[in-house]
Structure formats: C-alpha cells, structure tokens
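Chemist: Structure below; questions to follow.
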Amino acid sequence: MAQVQRPLVIQSQFIRLCCPRNTRRTTGARPRHHKQLHTSTVTDNDIARLASLPLHPLTLADLVKHGRPPLTTSQLLSSSNFTLSILPARLAHRIQSLRNLPFIVVSNPHITKIHSNYIHSLSTLLPWAEREITTLEDEVKFTEVMADLVQTHANTISILARGFLEARKYISPTDVTKFLDEHLRARIGTRLIAEQHLALHFSSQPHQEVMNEIEDPGSFVGVIDTKLRPAKIVQLCESVVSEICELKYGVRPHVVINGEQEYTFAHVPVHLEYIITELLKNAFRATVESGKEREPIEVTIAPLPEELVENSNGRAAIKNRDQGNTDIASKAFTGQTSSSSSSSDEQIRPLAHSTPGVTIRIRDRGGGISPENYQHIWDYSFTTFNEDQISSTLSGGGSGSGMDALNAISGPGGDGANSLAGLGYGLPLGRAYAEYFGGGIAVQSLWGWGTDVYLSLRGVGKVVE
C-alpha cells in the first residue's frame, strides 16, 4: 500500500541493526539486540518517586527547538539531555496507571505484557538518570536505548486492545474509554519524544561524518515536516482507501479536493496520515453502503486564520489533560483524586504569534450517523462487529474471515495491517492525535443525508536556524 514518506527514524540503518526484521515482526516479543543494553533494576521506590514528579505539556516547538538538521554536536547533546530529562517520569506514570487497574484486568496476559514492556524501558533509562550526556560516545549509546524503546512499544495499541476486549466482562466500557484515552494520549508523547531524537541523531553532522553519508533532510526537522502539504496527504490516503474499498465492494467513490491545495504548515506527517485515513475510511464505507457511490466525497482545506489564533483567549492552549498527563482515569480505580496543584492543571500556549494551522472538512453523502450510534463514536472499543467477529479478530482472523477490509489499515506507531481491525479504536485515537497539540475533530451528522467532519490542527512557529 502507498505510504507517506517517513522520516529517517522509520527506515534508518541503525534501527534495522538494533532490531532485526524477524524480531520486529513478532507481536508482543521483546526485541533482541545485537548487543545487550545496560539496565538497572526498577524498584517500587523508583516508580513511586518518578511517578510523583509533575508532567508538563509537550509542544511541537519543544521538538524543533534544537534547530534544523544537520545538528551540530552541541545541539545533538542538547537534544539527548532534553529527551533524558522527561522520559523516565513519563514511563513511571504509565506503569503506575496500569497498576491502578483492577487486579483481574491487569492480570490479563496482554495487559501484563504492556506493563512488563514499560518496566523494561524504564530499566534501560535508569542508568542514565541523574547524569548529563556530554560526549558523542554516550550519545550513541543513549540513542540505542531510544531505538529499543521505540521498537519495544511498537504494538502497544493493538496489544492493549486485545487485552481489554478479553477483560471486557470485568471492566465497564466507560472505564475502558477513560483509561485508554488517557493512556494512549500519553503514549503519543513518549513515542514522539524518542522518535524525534532518533531522527535528529541520524541527520546530525557527527553521525553523517562517521557514516560518510550526507543526506539532505529537506523540510524535515526530525519527524516534523515544516512544509507539510495536507492536500498531498489526502491524495495518498485516498489512494490507499480507494484500493481497499474497491477490493471490498467493487466500487470506489470519487474524492474532490477543494480549497488551498498548495497550503503548507509544520506538523507530524504520520499523525495527519493516520487521522485522514480513518476519516476517509469512514466516509468511503458510509457512502458505498448507502448506495451513494456516485456522489463525491468532498475534502476542503482551509488555513487557520491568524486572527483566530491571536484572539482565542486560551482556547488553543494545550492542557495536561489533553496529553494524558493527569492520570485522572487510572486513579479513579483506587479511589484517589488527581492533584489540584497548578502543575497538574498547567496550560501552555502551543503557538507562536503567527503560527499557522489548518482546518480540513470531509463531507460525504453516506446517510449520516444514527442517533443511537452518534453518542458512542468517541468510545474506544465501540464497534458494530458481533461477538463472533470480535472472536475472529482476537484469534487473528483477517478480512477473509468476515472482517471489514476497510478496517485493515496500518495503525500509527508500528501497529500492523490487521492489528486494530474492527476493534473500534480508529476515530477516538484519531481525535487523540488531533487534540494532542491543540487541534481537534468535530462531527456534524445529518441523519438520513450525510456527515461533515472538521479536523483542525495547529502548527509550530519559526524553527531556529
């Protein structure tokens, strides 16, 4: 299937060496490396101490503040220390949130696997804690730790999905949605921080000199494309969804792109790709199944007005809750309440004075969303599949076993082609990606006619040269 070009982190020689292909394809298996990473035993005191530290919202500006590639040695070391300063506490918060789940739920082997993965990653970071990375040799070793972290957690979403489906008799759908929305939002930041440093490492001056390779990073600053063109992403995602739709139904609706097709802004391409794929998948399916395949699906791209950014009076601020940093959902299982300190409610402006953003509207004539389904569209694990189809998914059944081919879309962050098929994670996870940096998704349905979906994304200000 066609894919949006990934930054170096996804296709680098370094990750291929650290995580051989045969081990990367083993779902749930801890990667085996060409050399052993140094680890420290993770104690309950370590977890409690790190989990007690306040977390702060992450912005796109944080990820590009070290400058444009190729980074100098000092810039690369700065990126390493920034990454090291925030990851251990984030991992500890995830471990604590999993431990707060009811015992019968966290005892599920899939959820236990995720807990073990977080313990492993924290054990590889603890030897670096309370120190500063000052040499390129240490930076290379630290980058190996980041590669291990990315690959260890590649299938977190699909493993958790199966775990909660198997434990669905012991935890309410509402509690599942609250927990997953918080946990997966936090995962977005953790993975993005690690991937950003990996990408900056491979495009840095010291690395290129050692490898004797000079590559032009183009408009990328790590995993962020500073000249991301939404129209191109829409076209690529349309190509993927159209092929699968025709395979499933024998027809494919036509997509018309209106608005500012040459507009560009700074964002994470893989996030936008996942969101657009999910929204188009829903639009294609509704359009075909309602018999309106001759009606075009309209995609309109409009720059976010600067006046809206400047006069939003805090509505564009990023909150810790938007990024899953407050642990409200997990503490509810223990009867605890989230801290009311200023750090837990901290808000920061994600936007510079003239930071651009974009609004994308996807309009279809697919009959709209029924009132009984509309109230559940943001629920994780809300699916129209029956128990037999869910069981087929849990046992590894693919589209040939009655699964919806339009759900067999590669998930973000390493999840495989059928890993989330039919499990009801697409739309709520897409909203989590949109809201993480101050954007959002709004759905307006006209039952019996069609649906308008509005996706808004915020960009990043000027990047330091």
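Letters A, B, ... go to the chains of the structure tokens in the order shown; residues in each chain start at 1; ligands are counted from 1 in the same order.
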Write down as a ChimeraX atom specification the residues of segment 127-345 of chain A whose backbone DSSP state falls under strand (DSSP E).
Modeler: /A:220-221,224-228,255-259,265-267,297-303,318-319
Chemist: Which is closer to Pro57 of chain A than all the others in A:Ala266, A:Ile86, A:Ala286, A:Ile119, using only C-alpha atoms?
Modeler: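 For Pro57 of chain A, the nearest of the given residues is A:Ile86.
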Chemist: Atom CA of Ser370 of chain A to atom CA of Val288 of chain A: how many Å, to one decimal?
Modeler: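 Distance reported for this atom pair: 16.3 Å.
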Chemist: In Å, how far is it from atom CA of Leu446 of chain A to atom CA of Pro371 of chain A?
Modeler: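 One can read the atom CA of Leu446 of chain A to atom CA of Pro371 of chain A distance as 9.8 Å.
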Chemist: Restricting the calculation to only C-alpha atoms: of A:Ile233, A:Leu200, A:Val299, A:Ile157, which residue gets closest to Ser79 of chain A?
Modeler: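 Looking at the shortest contact to Ser79 of chain A, the residue is A:Leu200.
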Chemist: Would you list the contacts of Tyr380 of chain A as a ChimeraX atom specification, taking every protein, DNA or RNA residue within 12 Å and counting only C-alpha atoms, but skipping same-chain residues closer than 6 positions in sequence?
Modeler: /A:157,160-162,164-165,168,172-184,420,422-432
Chemist: Considering only C-alpha atoms, can you say which of A:Glu273, A:Glu195, A:Asp452, A:Glu209 comes closest to Ala231 of chain A?
Modeler: A:Glu273
Chemist: Which one of A:Glu289, A:Pro127, A:Asn100, A:Lys248 sits closest to His115 of chain A if you count only C-alpha atoms?
Modeler: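 Under the stated criterion, the closest residue is A:Asn100.
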Chemist: Using only C-alpha atoms, which protein or nucleic acid residues come within 7 Å of His267 of chain A? Drop anything in the same chain fewer than 4 positions from it, and give the result as an NGL selection string.
Modeler: :A and (224-226 or 228 or 459)
Chemist: For Val42 of chain A, which of A:Leu77, A:Leu149, A:Cys237, A:Leu126 is the closest residue, counting only C-alpha atoms?
Modeler: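 Among the listed residues, A:Leu126 lies closest to Val42 of chain A.
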Chemist: Work out how far apart atom CA of Tyr249 of chain A and atom CA of Pro269 of chain A are and give it in Å to one decimal.
Modeler: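 Value for the atom CA of Tyr249 of chain A-atom CA of Pro269 of chain A distance: 29.0 Å.
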Chemist: Pick out the residues sitting within 9 Å of His201 of chain A, and hand them over as a list in words; count only C-alpha atoms, and ignore anything fewer than 2 positions along from it in its own chain.
Modeler: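 Once the adjacent positions are removed, what remains is Pro70, Leu71, Leu76, Ser79, Ser80, Glu139, Val140, Thr143, Gln196, His197, Leu198, Ala199, Ser203, Ser204, Gln205, Pro206, His207 and Gly222 of chain A.
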Chemist: For the selection you just gave me, I'd like the residues written to a file as an mmCIF file, in the first residue's frame, keeping C-alpha atoms.
Modeler:
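The result, stored in selection.cif:
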data_model
loop_
_atom_site.group_PDB
_atom_site.id
_atom_site.type_symbol
_atom_site.label_atom_id
_atom_site.label_comp_id
_atom_site.auth_asym_id
_atom_site.auth_seq_id
_atom_site.Cartn_x
_atom_site.Cartn_y
_atom_site.Cartn_z
ATOM 1 C CA PRO A 70 22.130 18.691 10.380
ATOM 2 C CA LEU A 71 22.565 19.365 14.094
ATOM 3 C CA LEU A 76 22.681 16.928 19.417
ATOM 4 C CA SER A 79 18.508 17.041 22.295
ATOM 5 C CA SER A 80 19.789 13.986 24.188
ATOM 6 C CA GLU A 139 25.016 9.992 22.903
ATOM 7 C CA VAL A 140 25.351 6.988 20.588
ATOM 8 C CA THR A 143 20.364 6.553 21.001
ATOM 9 C CA GLN A 196 12.384 12.836 17.389
ATOM 10 C CA HIS A 197 15.800 12.297 18.966
ATOM 11 C CA LEU A 198 16.435 9.260 16.763
ATOM 12 C CA ALA A 199 15.637 11.240 13.644
ATOM 13 C CA SER A 203 20.601 13.741 10.390
ATOM 14 C CA SER A 204 23.281 15.263 12.654
ATOM 15 C CA GLN A 205 26.702 16.400 11.474
ATOM 16 C CA PRO A 206 28.694 13.977 13.697
ATOM 17 C CA HIS A 207 26.705 10.958 12.529
ATOM 18 C CA GLY A 222 13.314 15.183 12.893
#
Chemist: When you count only C-alpha atoms, which of these residues is closest to Tyr436 of chain A: A:Arg90, A:His271, A:Lys141, A:Arg285?
Modeler: A:His271
Chemist: Neighbours of Arg294 of chain A within 12 Å (only C-alpha atoms; same-chain residues fewer than 3 positions away dropped), as a list in words?
Modeler: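 Contacts, with the query itself left out: Val251, Arg252, Pro253, His254, Val255, Phe284, Thr287, Val288, Glu289, Ser290, Gly291, Ile297, Asp364, Arg365 and Gly366 of chain A.
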Chemist: Set the distance at 8 Å and use only C-alpha atoms: which residues neighbour segment 45-47 of chain A once local chain neighbours fewer than 3 positions away are removed? I'd like the list as a list in words.
Modeler: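 The neighbour list is Val42, Leu50, Ala51, Ala92, His93, Ile95 and Gln96 of chain A.
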